[in-house]
$ cat start_22.csv   # CSV, C-alpha atoms and all ligand atoms
chain,number,residue,atom,x,y,z
A,156,MET,CA,53.5,-23.1,-16.4
A,157,LYS,CA,53.6,-25.1,-13.2
A,158,PHE,CA,53.6,-21.9,-11.2
A,159,SER,CA,50.7,-20.6,-13.2
A,160,THR,CA,48.7,-23.7,-12.4
A,161,LEU,CA,49.5,-23.4,-8.7
A,162,SER,CA,48.5,-19.8,-8.8
A,163,THR,CA,45.2,-20.7,-10.4
A,164,LEU,CA,44.6,-23.4,-7.8
A,165,SER,CA,45.3,-21.0,-5.0
A,166,LEU,CA,42.9,-18.5,-6.5
A,167,VAL,CA,40.2,-21.2,-6.6
A,168,TYR,CA,40.9,-22.1,-3.0
A,169,ILE,CA,40.7,-18.5,-1.9
A,170,THR,CA,37.5,-17.9,-3.8
A,171,ALA,CA,36.0,-21.1,-2.2
A,172,VAL,CA,37.0,-19.9,1.2
A,173,SER,CA,35.6,-16.4,0.8
A,174,ALA,CA,32.4,-17.7,-0.7
A,175,LYS,CA,31.6,-19.8,2.3
A,176,PRO,CA,28.1,-18.9,3.2
A,177,THR,CA,27.4,-17.0,6.4
A,178,PRO,CA,25.6,-19.3,8.9
A,179,ARG,CA,21.9,-18.6,9.0
A,180,SER,CA,20.1,-18.2,12.3
A,181,THR,CA,17.7,-20.9,13.2
A,182,CYS,CA,14.2,-19.7,13.9
A,183,SER,CA,11.0,-21.4,15.0
A,184,LYS,CA,9.5,-24.4,13.1
A,185,GLY,CA,12.8,-25.1,11.3
A,186,ARG,CA,12.9,-21.8,9.5
A,187,THR,CA,16.0,-19.8,9.1
A,188,ALA,CA,16.9,-16.1,8.6
A,189,SER,CA,20.0,-14.2,7.6
A,190,SER,CA,19.9,-12.3,10.9
A,191,ALA,CA,18.6,-13.6,14.3
A,192,THR,CA,16.7,-10.3,14.7
A,193,CYS,CA,14.4,-11.4,11.8
A,194,CYS,CA,13.3,-14.6,13.5
A,195,VAL,CA,10.6,-13.0,15.6
A,196,TRP,CA,8.9,-11.9,12.4
A,197,TYR,CA,8.1,-15.6,11.5
A,198,ASP,CA,6.2,-15.9,14.7
A,199,VAL,CA,4.4,-12.6,14.1
A,200,LEU,CA,3.6,-13.8,10.6
A,201,ASP,CA,2.1,-17.0,11.9
A,202,ASP,CA,0.0,-15.1,14.4
A,203,ILE,CA,-1.2,-12.4,11.9
A,204,GLN,CA,-2.1,-14.9,9.3
A,205,ALA,CA,-4.0,-17.2,11.7
A,206,ASN,CA,-5.6,-14.7,14.0
A,207,LEU,CA,-5.9,-11.3,12.2
A,208,PHE,CA,-6.1,-12.1,8.5
A,209,GLU,CA,-8.6,-15.0,8.9
A,210,GLY,CA,-6.2,-17.7,7.6
A,211,GLY,CA,-4.2,-15.5,5.3
A,212,THR,CA,-7.0,-14.0,3.2
A,213,CYS,CA,-7.5,-10.7,1.5
A,214,GLY,CA,-10.5,-9.7,3.6
A,215,ASP,CA,-11.6,-6.7,5.7
A,216,ASP,CA,-8.7,-6.9,8.2
A,217,ALA,CA,-6.1,-7.1,5.4
A,218,HIS,CA,-7.7,-4.0,3.9
A,219,ALA,CA,-7.6,-2.2,7.2
A,220,ALA,CA,-4.0,-3.1,7.8
A,221,LEU,CA,-3.1,-1.8,4.4
A,222,ARG,CA,-4.9,1.5,5.1
A,223,LEU,CA,-3.2,1.8,8.5
A,224,SER,CA,0.3,1.5,6.9
A,225,PHE,CA,-0.4,4.6,4.9
A,226,HIS,CA,-2.1,6.6,7.7
A,227,ASP,CA,0.9,6.0,10.0
A,228,ALA,CA,3.6,6.7,7.4
A,229,ILE,CA,2.1,9.8,5.8
A,230,GLY,CA,2.2,11.6,9.2
A,231,TYR,CA,5.5,13.2,8.3
A,232,SER,CA,6.2,16.7,7.3
A,233,PRO,CA,9.7,18.1,6.7
A,234,LEU,CA,7.9,21.4,5.9
A,235,LEU,CA,6.6,21.7,9.5
A,236,THR,CA,10.0,20.7,10.8
A,237,LYS,CA,11.6,23.5,8.8
A,238,GLN,CA,9.0,25.9,10.3
A,239,GLY,CA,10.2,24.9,13.7
A,240,HIS,CA,7.4,22.5,14.6
A,241,PHE,CA,7.4,18.8,15.2
A,242,GLY,CA,6.6,17.3,11.8
A,243,GLY,CA,5.8,13.7,12.9
A,244,GLY,CA,7.9,10.6,12.6
A,245,GLY,CA,6.4,9.0,9.6
A,246,ALA,CA,6.3,5.2,9.7
A,247,ASP,CA,7.0,5.3,13.4
A,248,GLY,CA,3.9,3.6,14.9
A,249,SER,CA,2.7,6.9,16.3
A,250,ILE,CA,-0.9,6.1,15.3
A,251,ILE,CA,-0.8,3.2,17.8
A,252,LYS,CA,1.4,4.8,20.5
A,253,TYR,CA,-0.5,8.1,20.4
A,254,SER,CA,-3.8,6.6,19.3
A,255,ALA,CA,-5.7,8.7,21.8
A,256,THR,CA,-4.6,11.7,19.8
A,257,GLU,CA,-4.3,10.4,16.2
A,258,LEU,CA,-7.6,8.4,16.1
A,259,GLY,CA,-9.3,11.7,17.0
A,260,TYR,CA,-8.3,13.1,13.6
A,261,PRO,CA,-11.3,12.7,11.2
A,262,ALA,CA,-9.1,11.2,8.4
A,263,ASN,CA,-8.4,8.3,10.7
A,264,ASP,CA,-12.0,7.4,11.2
A,265,GLY,CA,-12.6,3.6,11.2
A,266,LEU,CA,-9.0,2.6,12.1
A,267,GLU,CA,-9.8,1.9,15.8
A,268,GLU,CA,-10.1,-1.9,15.6
A,269,ILE,CA,-7.0,-2.5,13.5
A,270,VAL,CA,-4.9,-0.2,15.7
A,271,TYR,CA,-6.1,-2.1,18.8
A,272,ASP,CA,-5.4,-5.5,17.1
A,273,GLU,CA,-1.9,-4.6,15.9
A,274,GLN,CA,-1.0,-3.1,19.3
A,275,LYS,CA,-1.9,-6.3,21.0
A,276,LEU,CA,0.2,-8.3,18.5
A,277,ALA,CA,3.2,-6.0,18.8
A,278,ASP,CA,3.1,-6.1,22.6
A,279,LYS,CA,2.8,-9.9,22.6
A,280,HIS,CA,5.8,-10.4,20.4
A,281,GLY,CA,7.9,-7.5,21.7
A,282,VAL,CA,8.2,-5.6,18.4
A,283,SER,CA,7.8,-1.9,17.7
A,284,TYR,CA,4.5,-0.4,16.6
A,285,GLY,CA,6.2,1.2,13.6
A,286,ASP,CA,7.4,-2.2,12.5
A,287,ILE,CA,4.2,-4.1,13.0
A,288,ILE,CA,2.2,-1.6,11.0
A,289,GLN,CA,4.5,-1.9,7.9
A,290,PHE,CA,4.9,-5.7,8.3
A,291,ALA,CA,1.2,-6.3,8.5
A,292,GLY,CA,0.7,-4.0,5.5
A,293,ALA,CA,3.2,-6.0,3.5
A,294,VAL,CA,1.6,-9.3,4.5
A,295,SER,CA,-1.9,-8.0,3.7
A,296,VAL,CA,-0.7,-7.1,0.1
A,297,ARG,CA,0.8,-10.6,-0.4
A,298,ASN,CA,-2.5,-12.2,0.6
A,299,CYS,CA,-4.4,-10.5,-2.2
A,300,ALA,CA,-4.2,-12.0,-5.7
A,301,GLY,CA,-2.2,-9.6,-7.9
A,302,GLY,CA,-0.3,-8.1,-4.9
A,303,PRO,CA,3.5,-8.0,-5.0
A,304,ARG,CA,6.0,-9.2,-2.4
A,305,ILE,CA,7.0,-6.0,-0.6
A,306,SER,CA,10.3,-5.7,1.1
A,307,PHE,CA,10.3,-5.3,4.9
A,308,MET,CA,12.8,-3.5,7.0
A,309,ALA,CA,12.7,-4.1,10.8
A,310,GLY,CA,14.0,-2.0,13.7
A,311,ARG,CA,12.0,1.2,13.8
A,312,ALA,CA,12.3,3.0,17.1
A,313,ASN,CA,9.3,3.9,19.1
A,314,ALA,CA,7.5,7.1,18.1
A,315,ILE,CA,8.4,10.2,20.2
A,316,GLY,CA,5.2,12.1,19.6
A,317,ALA,CA,1.8,12.1,17.8
A,318,ALA,CA,1.8,13.2,14.2
A,319,PRO,CA,0.4,16.7,13.9
A,320,PRO,CA,-3.2,17.0,12.6
A,321,GLY,CA,-3.9,17.6,9.0
A,322,LEU,CA,-1.2,15.4,7.5
A,323,VAL,CA,-3.4,12.5,6.2
A,324,PRO,CA,-5.0,13.6,2.9
A,325,GLU,CA,-8.8,13.7,2.9
A,326,ALA,CA,-11.1,12.4,0.1
A,327,PHE,CA,-12.6,15.9,-0.2
A,328,ASP,CA,-9.2,17.7,-0.6
A,329,SER,CA,-8.3,19.2,-3.9
A,330,VAL,CA,-5.7,17.6,-6.1
A,331,ASP,CA,-3.4,20.6,-5.4
A,332,LYS,CA,-3.7,20.0,-1.7
A,333,ILE,CA,-3.2,16.2,-2.0
A,334,LEU,CA,-0.2,16.5,-4.3
A,335,GLY,CA,1.3,19.2,-2.1
A,336,ARG,CA,0.9,17.1,1.1
A,337,VAL,CA,2.3,13.9,-0.3
A,338,GLY,CA,5.1,15.9,-2.0
A,339,ASP,CA,6.0,17.3,1.4
A,340,ALA,CA,6.3,13.8,2.8
A,341,GLY,CA,8.6,12.8,-0.1
A,342,LEU,CA,6.3,11.1,-2.6
A,343,THR,CA,5.8,12.1,-6.2
A,344,PRO,CA,2.4,12.3,-8.0
A,345,ALA,CA,3.2,9.1,-9.8
A,346,GLU,CA,4.0,7.3,-6.6
A,347,LEU,CA,0.7,8.5,-5.1
A,348,VAL,CA,-1.1,6.9,-8.1
A,349,ASP,CA,1.0,3.8,-7.5
A,350,LEU,CA,-0.1,3.7,-3.9
A,351,LEU,CA,-3.7,4.1,-4.8
A,352,ALA,CA,-3.6,0.6,-6.3
A,353,SER,CA,-4.5,-0.2,-2.7
A,354,HIS,CA,-8.0,1.0,-3.4
A,355,SER,CA,-8.4,-2.0,-5.7
A,356,VAL,CA,-8.8,-4.0,-2.5
A,357,GLY,CA,-10.3,-1.1,-0.5
A,358,ASN,CA,-13.7,-0.2,0.7
A,359,GLN,CA,-15.4,2.6,2.6
A,360,ASP,CA,-17.1,2.5,5.9
A,361,THR,CA,-17.3,6.0,7.2
A,362,VAL,CA,-17.6,8.5,4.3
A,363,ASP,CA,-21.2,7.2,3.9
A,364,PRO,CA,-21.9,5.2,7.1
A,365,THR,CA,-25.2,4.0,5.7
A,366,ILE,CA,-23.4,1.6,3.3
A,367,PRO,CA,-20.3,0.3,5.2
A,368,ASP,CA,-18.0,-2.1,3.3
A,369,THR,CA,-18.8,-0.6,-0.1
A,370,PRO,CA,-15.8,-1.3,-2.4
A,371,PHE,CA,-14.1,1.1,-4.8
A,372,ASP,CA,-14.2,-1.4,-7.7
A,373,THR,CA,-16.1,-4.6,-8.6
A,374,THR,CA,-13.3,-6.9,-7.4
A,375,PRO,CA,-12.4,-5.9,-3.9
A,376,GLY,CA,-10.7,-9.2,-3.1
A,377,VAL,CA,-8.2,-8.9,-6.0
A,378,LEU,CA,-5.5,-6.3,-6.5
A,379,ASP,CA,-6.2,-5.9,-10.2
A,380,THR,CA,-6.5,-2.9,-12.6
A,381,ASN,CA,-10.3,-2.8,-12.4
A,382,PHE,CA,-10.0,0.1,-10.0
A,383,PHE,CA,-8.0,2.2,-12.5
A,384,LEU,CA,-10.5,1.4,-15.2
A,385,GLU,CA,-13.7,1.8,-13.2
A,386,THR,CA,-12.7,5.2,-11.8
A,387,LEU,CA,-12.6,6.5,-15.4
A,388,LEU,CA,-16.3,5.7,-15.9
A,389,ARG,CA,-18.7,8.5,-15.8
A,390,GLY,CA,-20.6,8.7,-12.5
A,391,THR,CA,-24.3,8.1,-12.6
A,392,VAL,CA,-25.6,7.0,-9.2
A,393,TRP,CA,-25.3,7.5,-5.5
A,394,PRO,CA,-24.7,4.1,-3.9
A,395,GLY,CA,-26.0,5.2,-0.5
A,396,ASP,CA,-27.7,8.2,0.9
A,397,GLY,CA,-26.3,10.8,-1.5
A,398,ALA,CA,-23.6,13.3,-1.7
A,399,ASN,CA,-21.4,13.0,1.4
A,400,PRO,CA,-18.2,15.1,1.8
A,401,GLY,CA,-15.5,13.3,-0.1
A,402,GLU,CA,-18.0,11.4,-2.3
A,403,VAL,CA,-18.9,11.8,-6.0
A,404,LEU,CA,-21.3,10.0,-8.2
A,405,SER,CA,-20.4,6.3,-8.8
A,406,PRO,CA,-20.8,4.5,-12.1
A,407,LEU,CA,-22.5,1.5,-10.4
A,408,LYS,CA,-24.8,0.8,-7.5
A,409,GLY,CA,-22.7,-1.2,-4.9
A,410,GLU,CA,-19.5,0.7,-5.8
A,411,PHE,CA,-18.2,3.8,-4.0
A,412,ARG,CA,-16.3,6.6,-5.5
A,413,LEU,CA,-14.1,8.9,-3.6
A,414,GLN,CA,-13.8,12.5,-4.9
A,415,SER,CA,-10.0,12.3,-4.6
A,416,ASP,CA,-9.8,9.2,-6.8
A,417,TRP,CA,-12.2,10.7,-9.4
A,418,ALA,CA,-10.1,13.9,-9.5
A,419,LEU,CA,-6.7,12.2,-9.7
A,420,ALA,CA,-7.9,10.0,-12.5
A,421,ARG,CA,-8.7,13.1,-14.6
A,422,ASP,CA,-6.1,15.7,-13.5
A,423,PRO,CA,-3.4,16.5,-16.1
A,424,ARG,CA,-0.7,15.8,-13.6
A,425,THR,CA,-1.8,12.2,-12.9
A,426,SER,CA,-4.3,11.1,-15.5
A,427,CYS,CA,-1.7,9.6,-18.0
A,428,HIS,CA,-0.1,7.5,-15.3
A,429,TRP,CA,-3.6,6.5,-14.1
A,430,GLN,CA,-4.8,5.5,-17.5
A,431,SER,CA,-1.6,3.6,-18.3
A,432,TYR,CA,-2.5,1.1,-15.6
A,433,VAL,CA,-5.8,0.0,-17.2
A,434,SER,CA,-3.8,-2.5,-19.3
A,435,GLY,CA,-0.8,-2.8,-17.0
A,436,GLN,CA,-1.3,-5.4,-14.3
A,437,SER,CA,2.3,-6.5,-13.8
A,438,LEU,CA,3.7,-3.0,-14.0
A,439,MET,CA,1.1,-1.7,-11.6
A,440,SER,CA,1.8,-4.4,-9.2
A,441,GLN,CA,5.5,-4.0,-9.3
A,442,ARG,CA,5.4,-0.2,-8.9
A,443,PHE,CA,2.8,-0.5,-6.1
A,444,GLY,CA,5.3,-2.7,-4.3
A,445,THR,CA,8.1,-0.2,-4.9
A,446,ALA,CA,6.0,2.7,-3.7
A,447,MET,CA,4.8,0.8,-0.6
A,448,ALA,CA,8.4,0.0,0.3
A,449,LYS,CA,9.4,3.7,0.0
A,450,MET,CA,6.3,4.8,2.0
A,451,ALA,CA,7.3,2.3,4.8
A,452,LEU,CA,10.5,4.2,5.3
A,453,LEU,CA,9.1,7.8,5.5
A,454,GLY,CA,10.8,9.5,8.4
A,455,GLN,CA,13.0,6.5,9.0
A,456,ASN,CA,16.7,5.9,8.3
A,457,ALA,CA,17.0,2.7,6.3
A,458,GLN,CA,20.7,2.3,7.1
A,459,SER,CA,19.8,1.6,10.7
A,460,LEU,CA,17.2,-1.0,9.9
A,461,GLN,CA,17.6,-4.8,9.3
A,462,ASP,CA,16.3,-6.2,6.0
A,463,CYS,CA,13.9,-9.0,7.0
A,464,SER,CA,12.1,-9.2,3.6
A,465,GLU,CA,12.7,-12.9,3.4
A,466,VAL,CA,10.0,-13.4,6.1
A,467,ILE,CA,7.3,-12.1,3.8
A,468,PRO,CA,6.0,-15.2,1.9
A,469,ALA,CA,6.1,-15.1,-1.9
A,470,PRO,CA,2.6,-14.6,-3.4
A,471,THR,CA,1.0,-17.8,-4.4
A,472,LEU,CA,-2.3,-16.7,-5.9
A,473,PRO,CA,-2.8,-16.6,-9.7
A,474,VAL,CA,-2.3,-13.3,-11.5
A,475,PRO,CA,-5.8,-11.6,-12.0
A,476,PRO,CA,-7.3,-11.4,-15.4
A,477,ALA,CA,-7.2,-8.2,-17.4
A,478,ALA,CA,-9.6,-5.5,-16.4
A,479,LYS,CA,-13.0,-5.6,-18.1
A,480,LEU,CA,-15.7,-3.0,-18.4
A,481,PRO,CA,-18.7,-3.8,-16.1
A,482,ALA,CA,-21.8,-5.2,-17.9
A,483,GLY,CA,-23.7,-2.5,-19.7
A,484,LYS,CA,-20.7,0.0,-19.9
A,485,THR,CA,-19.0,0.9,-23.1
A,486,LEU,CA,-16.1,3.0,-24.3
A,487,ARG,CA,-18.4,6.0,-24.5
A,488,ASP,CA,-18.8,5.8,-20.7
A,489,LEU,CA,-15.1,6.4,-20.1
A,490,GLU,CA,-13.9,9.9,-19.3
A,491,LEU,CA,-10.3,9.8,-20.7
A,492,THR,CA,-8.5,13.1,-20.2
A,493,CYS,CA,-5.0,11.9,-21.2
A,494,LYS,CA,-3.7,12.1,-24.7
A,495,ALA,CA,-5.7,10.4,-27.6
A,496,SER,CA,-3.2,7.6,-28.0
A,497,PHE,CA,-4.4,6.1,-24.7
A,498,LEU,CA,-7.9,6.1,-26.1
A,499,SER,CA,-7.0,3.7,-28.9
A,500,GLU,CA,-4.7,1.7,-26.6
A,501,ILE,CA,-7.5,1.2,-24.1
A,502,SER,CA,-10.0,0.6,-26.8
A,503,THR,CA,-7.8,-2.1,-28.3
A,504,PHE,CA,-7.1,-3.7,-24.9
A,505,LEU,CA,-10.8,-3.8,-24.0
A,506,HIS,CA,-11.6,-5.3,-27.5
A,507,LEU,CA,-14.0,-2.4,-28.2
A,601,CA,CA,3.3,8.0,12.2
A,602,CA,CA,-9.9,-4.9,-7.4
$ encode --input "start_22.csv" --output "structure tokens"
Amino acid sequence: MKFSTLSTLSLVYITAVSAKPTPRSTCSKGRTASSATCCVWYDVLDDIQANLFEGGTCGDDAHAALRLSFHDAIGYSPLLTKQGHFGGGGADGSIIKYSATELGYPANDGLEEIVYDEQKLADKHGVSYGDIIQFAGAVSVRNCAGGPRISFMAGRANAIGAAPPGLVPEAFDSVDKILGRVGDAGLTPAELVDLLASHSVGNQDTVDPTIPDTPFDTTPGVLDTNFFLETLLRGTVWPGDGANPGEVLSPLKGEFRLQSDWALARDPRTSCHWQSYVSGQSLMSQRFGTAMAKMALLGQNAQSLQDCSEVIPAPTLPVPPAAKLPAGKTLRDLELTCKASFLSEISTFLHL
């Protein structure tokens, strides 16, 4: 019995010793990190929030940073590599390092300013372009009400070449082409829909240059489900100067609709997933975060990166209210192509 007690005590002692916490690295302003390599990201965070994101808001620069994170990462094609060509390095910062080439691609129109701003930040703090793009993307999402906290891995090597042309989907591409392209990069149709939650805080500048800053839903400052609901409304008006390539009729003046969003909301391969988000804020937000974290690693080896997620501040803004039909719109204005059960679910949710 005595032996047994001693044994138990020894075990307690061993457990206590082995559970001793690993010392944390001390970073600026009294902050700490699990790895010293993460410390620099606190300084980048301070700089980004104060000087790029206008005090940590969900404004135009946050939207641009989010868009940039996709346009850099999707430049990755295992198919091209298999065919003996350079397939791009994915989330490698190539859109900054090789901006002279990649900003010449029409799909990257309008990204010049954010590329320049993030390049300056990366050079100032001595971090890689691939890292700053995905870090800024994660911080931008955290700044928008309804946005999740996205994990952040640091340590991407510098890009070794420009992404080949044609890898960023265009708004005028067919659903077949878009799903094929993102599938080649490693993303499923459902993950593409998840990523398109970003359009809830997006706007267009260059598809119709006569109406820059026109949002894709009525709540561009909030990462809510309005985008998924409003894209299901029948199109009735041109918000600007008419049918531009990649544009289809919008349900509202002051709102812009991309052809690709319209088509994905109605295609049998994606419409059920799309419609399910009309009443699913928390699920949408969570899956958006998961898909963003996966996208941030396209072309990268996660094993060689350091997890610095702790640097991304937890979201503090209130969860957005449930989606509502815009004034004057009714259930009859929705084009629901998924199975009928969704019709009653959406109808109940919207109190129609
Ligand atoms: Ca890239
Ligand atoms: Ca929104």
$ residues_near_ligand --input "start_22.csv" --ligand "ligand CA 601 (chain A)" --cutoff "7 Å" --atoms "only C-alpha atoms and all ligand atoms" --output "list in words"
Asp227, Ala228, Ile229, Gly230, Tyr231, Gly243, Gly244, Gly245, Ala246, Asp247, Gly248, Ser249, Ile250 and Ala318 of chain A
$ residues_near_ligand --input "start_22.csv" --ligand "ligand CA 602 (chain A)" --cutoff "7 Å" --atoms "all atoms listed in the file" --output "PDB file with C-alpha atoms, in the frame of the given file"
ATOM      1  CA  SER A 355      -8.400  -2.000  -5.700  1.00  0.00           C
ATOM      2  CA  VAL A 356      -8.800  -4.000  -2.500  1.00  0.00           C
ATOM      3  CA  ASP A 372     -14.200  -1.400  -7.700  1.00  0.00           C
ATOM      4  CA  THR A 373     -16.100  -4.600  -8.600  1.00  0.00           C
ATOM      5  CA  THR A 374     -13.300  -6.900  -7.400  1.00  0.00           C
ATOM      6  CA  PRO A 375     -12.400  -5.900  -3.900  1.00  0.00           C
ATOM      7  CA  GLY A 376     -10.700  -9.200  -3.100  1.00  0.00           C
ATOM      8  CA  VAL A 377      -8.200  -8.900  -6.000  1.00  0.00           C
ATOM      9  CA  LEU A 378      -5.500  -6.300  -6.500  1.00  0.00           C
ATOM     10  CA  ASP A 379      -6.200  -5.900 -10.200  1.00  0.00           C
ATOM     11  CA  THR A 380      -6.500  -2.900 -12.600  1.00  0.00           C
ATOM     12  CA  ASN A 381     -10.300  -2.800 -12.400  1.00  0.00           C
ATOM     13  CA  PHE A 382     -10.000   0.100 -10.000  1.00  0.00           C
TER      14      PHE A 382
END
$ atom_distance --input "start_22.csv" --atom1 "CA of Leu404 in chain A" --atom2 "CA of Gly301 in chain A"
27.4 Å
$ residues_around --input "start_22.csv" --residues "range 205-210 of chain A" --least-positions-apart "5" --cutoff "8 Å" --atoms "only C-alpha atoms" --output "list of chain:residue names"
A:Asp216, A:Ala217, A:Asp272, A:Ser295
$ residues_around --input "start_22.csv" --residues "Glu465 in chain A" --least-positions-apart "6" --cutoff "10 Å" --atoms "only C-alpha atoms" --output "MDAnalysis selection string"
chainID A and resid 187:189 193 196:197 304:307
$ atom_distance --input "start_22.csv" --atom1 "CA of Arg179 in chain A" --atom2 "CA of Lys449 in chain A"
27.1 Å
$ atom_distance --input "start_22.csv" --atom1 "CA of Gly242 in chain A" --atom2 "CA of Gly310 in chain A"
20.8 Å
$ closest_residue --input "start_22.csv" --among "A:Leu388, A:Met447, A:Ala219, A:Ile287" --to "Ala352 in chain A" --atoms "all atoms listed in the file"
A:Met447
$ closest_residue --input "start_22.csv" --among "A:Asn358, A:Ala300, A:Ser415, A:Tyr432" --to "Pro476 in chain A" --atoms "only C-alpha atoms"
A:Ala300
$ closest_residue --input "start_22.csv" --among "A:Ala478, A:Val282, A:Ala262, A:Ala309" --to "Leu460 in chain A" --atoms "only C-alpha atoms"
A:Ala309
$ closest_residue --input "start_22.csv" --among "A:Val466, A:Phe411, A:Asp363, A:Asp339" --to "Thr236 in chain A" --atoms "all atoms listed in the file"
A:Asp339
$ closest_residue --input "start_22.csv" --among "A:Lys252, A:Arg311, A:Lys332, A:Arg222" --to "Leu419 in chain A" --atoms "all atoms listed in the file"
A:Lys332
$ residues_around --input "start_22.csv" --residues "Ala420 in chain A" --least-positions-apart "2" --cutoff "9 Å" --atoms "all atoms listed in the file" --output "list in words"
Val348, Phe383, Thr386, Leu387, Ser415, Asp416, Trp417, Ala418, Asp422, Pro423, Thr425, Ser426, Cys427, His428, Trp429, Gln430, Leu491 and Thr492 of chain A
$ residues_near_point --input "start_22.csv" --point "(-10.6, 14.0, -4.0)" --cutoff "9 Å" --atoms "all atoms listed in the file" --output "list in words"
Pro324, Glu325, Ala326, Phe327, Asp328, Ser329, Val330, Ile333, Gly401, Glu402, Val403, Leu413, Gln414, Ser415, Asp416, Trp417, Ala418 and Leu419 of chain A
$ closest_residue --input "start_22.csv" --among "A:Ala446, A:Thr361, A:Ala451, A:Ser190" --to "Ile288 in chain A" --atoms "only C-alpha atoms"
A:Ala451
$ residues_around --input "start_22.csv" --residues "Asp488 in chain A" --least-positions-apart "5" --cutoff "10 Å" --atoms "only C-alpha atoms" --output "PyMOL selection string"
chain A and resi 385+387-390+406+480+483
$ write_last_selection --input "start_22.csv" --atoms "C-alpha atoms" --output "PDB file, keeping the file's coordinate frame"
ATOM      1  CA  GLU A 385     -13.700   1.800 -13.200  1.00  0.00           C
ATOM      2  CA  LEU A 387     -12.600   6.500 -15.400  1.00  0.00           C
ATOM      3  CA  LEU A 388     -16.300   5.700 -15.900  1.00  0.00           C
ATOM      4  CA  ARG A 389     -18.700   8.500 -15.800  1.00  0.00           C
ATOM      5  CA  GLY A 390     -20.600   8.700 -12.500  1.00  0.00           C
ATOM      6  CA  PRO A 406     -20.800   4.500 -12.100  1.00  0.00           C
ATOM      7  CA  LEU A 480     -15.700  -3.000 -18.400  1.00  0.00           C
ATOM      8  CA  GLY A 483     -23.700  -2.500 -19.700  1.00  0.00           C
TER       9      GLY A 483
END
$ decode --input "start_22.csv" --residues "range 431-442 of chain A" --atoms "N, CA, C and O atoms" --output "PDB file, in the first residue's frame"
ATOM      1  N   SER A 431     -28.193  26.713 -48.964  1.00  0.00           N
ATOM      2  CA  SER A 431     -28.150  26.328 -47.547  1.00  0.00           C
ATOM      3  C   SER A 431     -27.576  27.443 -46.681  1.00  0.00           C
ATOM      4  O   SER A 431     -27.815  27.481 -45.471  1.00  0.00           O
ATOM      5  N   TYR A 432     -26.827  28.352 -47.280  1.00  0.00           N
ATOM      6  CA  TYR A 432     -26.220  29.425 -46.490  1.00  0.00           C
ATOM      7  C   TYR A 432     -27.152  30.602 -46.225  1.00  0.00           C
ATOM      8  O   TYR A 432     -26.835  31.463 -45.403  1.00  0.00           O
ATOM      9  N   VAL A 433     -28.301  30.635 -46.925  1.00  0.00           N
ATOM     10  CA  VAL A 433     -29.224  31.754 -46.710  1.00  0.00           C
ATOM     11  C   VAL A 433     -29.590  31.858 -45.229  1.00  0.00           C
ATOM     12  O   VAL A 433     -29.696  32.946 -44.673  1.00  0.00           O
ATOM     13  N   SER A 434     -29.755  30.709 -44.588  1.00  0.00           N
ATOM     14  CA  SER A 434     -30.138  30.717 -43.161  1.00  0.00           C
ATOM     15  C   SER A 434     -29.023  30.165 -42.277  1.00  0.00           C
ATOM     16  O   SER A 434     -29.278  29.685 -41.186  1.00  0.00           O
ATOM     17  N   GLY A 435     -27.771  30.223 -42.750  1.00  0.00           N
ATOM     18  CA  GLY A 435     -26.701  29.553 -42.003  1.00  0.00           C
ATOM     19  C   GLY A 435     -25.486  30.409 -41.737  1.00  0.00           C
ATOM     20  O   GLY A 435     -24.362  30.060 -42.117  1.00  0.00           O
ATOM     21  N   GLN A 436     -25.666  31.525 -41.038  1.00  0.00           N
ATOM     22  CA  GLN A 436     -24.546  32.450 -40.785  1.00  0.00           C
ATOM     23  C   GLN A 436     -23.342  31.773 -40.117  1.00  0.00           C
ATOM     24  O   GLN A 436     -22.220  31.896 -40.590  1.00  0.00           O
ATOM     25  N   SER A 437     -23.591  31.046 -39.031  1.00  0.00           N
ATOM     26  CA  SER A 437     -22.426  30.531 -38.297  1.00  0.00           C
ATOM     27  C   SER A 437     -21.727  29.429 -39.088  1.00  0.00           C
ATOM     28  O   SER A 437     -20.499  29.364 -39.122  1.00  0.00           O
ATOM     29  N   LEU A 438     -22.512  28.599 -39.775  1.00  0.00           N
ATOM     30  CA  LEU A 438     -21.903  27.547 -40.592  1.00  0.00           C
ATOM     31  C   LEU A 438     -21.134  28.159 -41.768  1.00  0.00           C
ATOM     32  O   LEU A 438     -20.021  27.748 -42.082  1.00  0.00           O
ATOM     33  N   MET A 439     -21.741  29.155 -42.385  1.00  0.00           N
ATOM     34  CA  MET A 439     -21.083  29.825 -43.510  1.00  0.00           C
ATOM     35  C   MET A 439     -19.761  30.440 -43.062  1.00  0.00           C
ATOM     36  O   MET A 439     -18.725  30.269 -43.703  1.00  0.00           O
ATOM     37  N   SER A 440     -19.782  31.127 -41.930  1.00  0.00           N
ATOM     38  CA  SER A 440     -18.587  31.803 -41.441  1.00  0.00           C
ATOM     39  C   SER A 440     -17.484  30.788 -41.111  1.00  0.00           C
ATOM     40  O   SER A 440     -16.320  30.970 -41.481  1.00  0.00           O
ATOM     41  N   GLN A 441     -17.882  29.726 -40.452  1.00  0.00           N
ATOM     42  CA  GLN A 441     -16.905  28.694 -40.065  1.00  0.00           C
ATOM     43  C   GLN A 441     -16.282  28.029 -41.303  1.00  0.00           C
ATOM     44  O   GLN A 441     -15.060  27.880 -41.408  1.00  0.00           O
ATOM     45  N   ARG A 442     -17.143  27.677 -42.276  1.00  0.00           N
ATOM     46  CA  ARG A 442     -16.617  27.012 -43.481  1.00  0.00           C
ATOM     47  C   ARG A 442     -15.807  27.967 -44.346  1.00  0.00           C
ATOM     48  O   ARG A 442     -14.863  27.562 -45.016  1.00  0.00           O
TER      49      ARG A 442
END
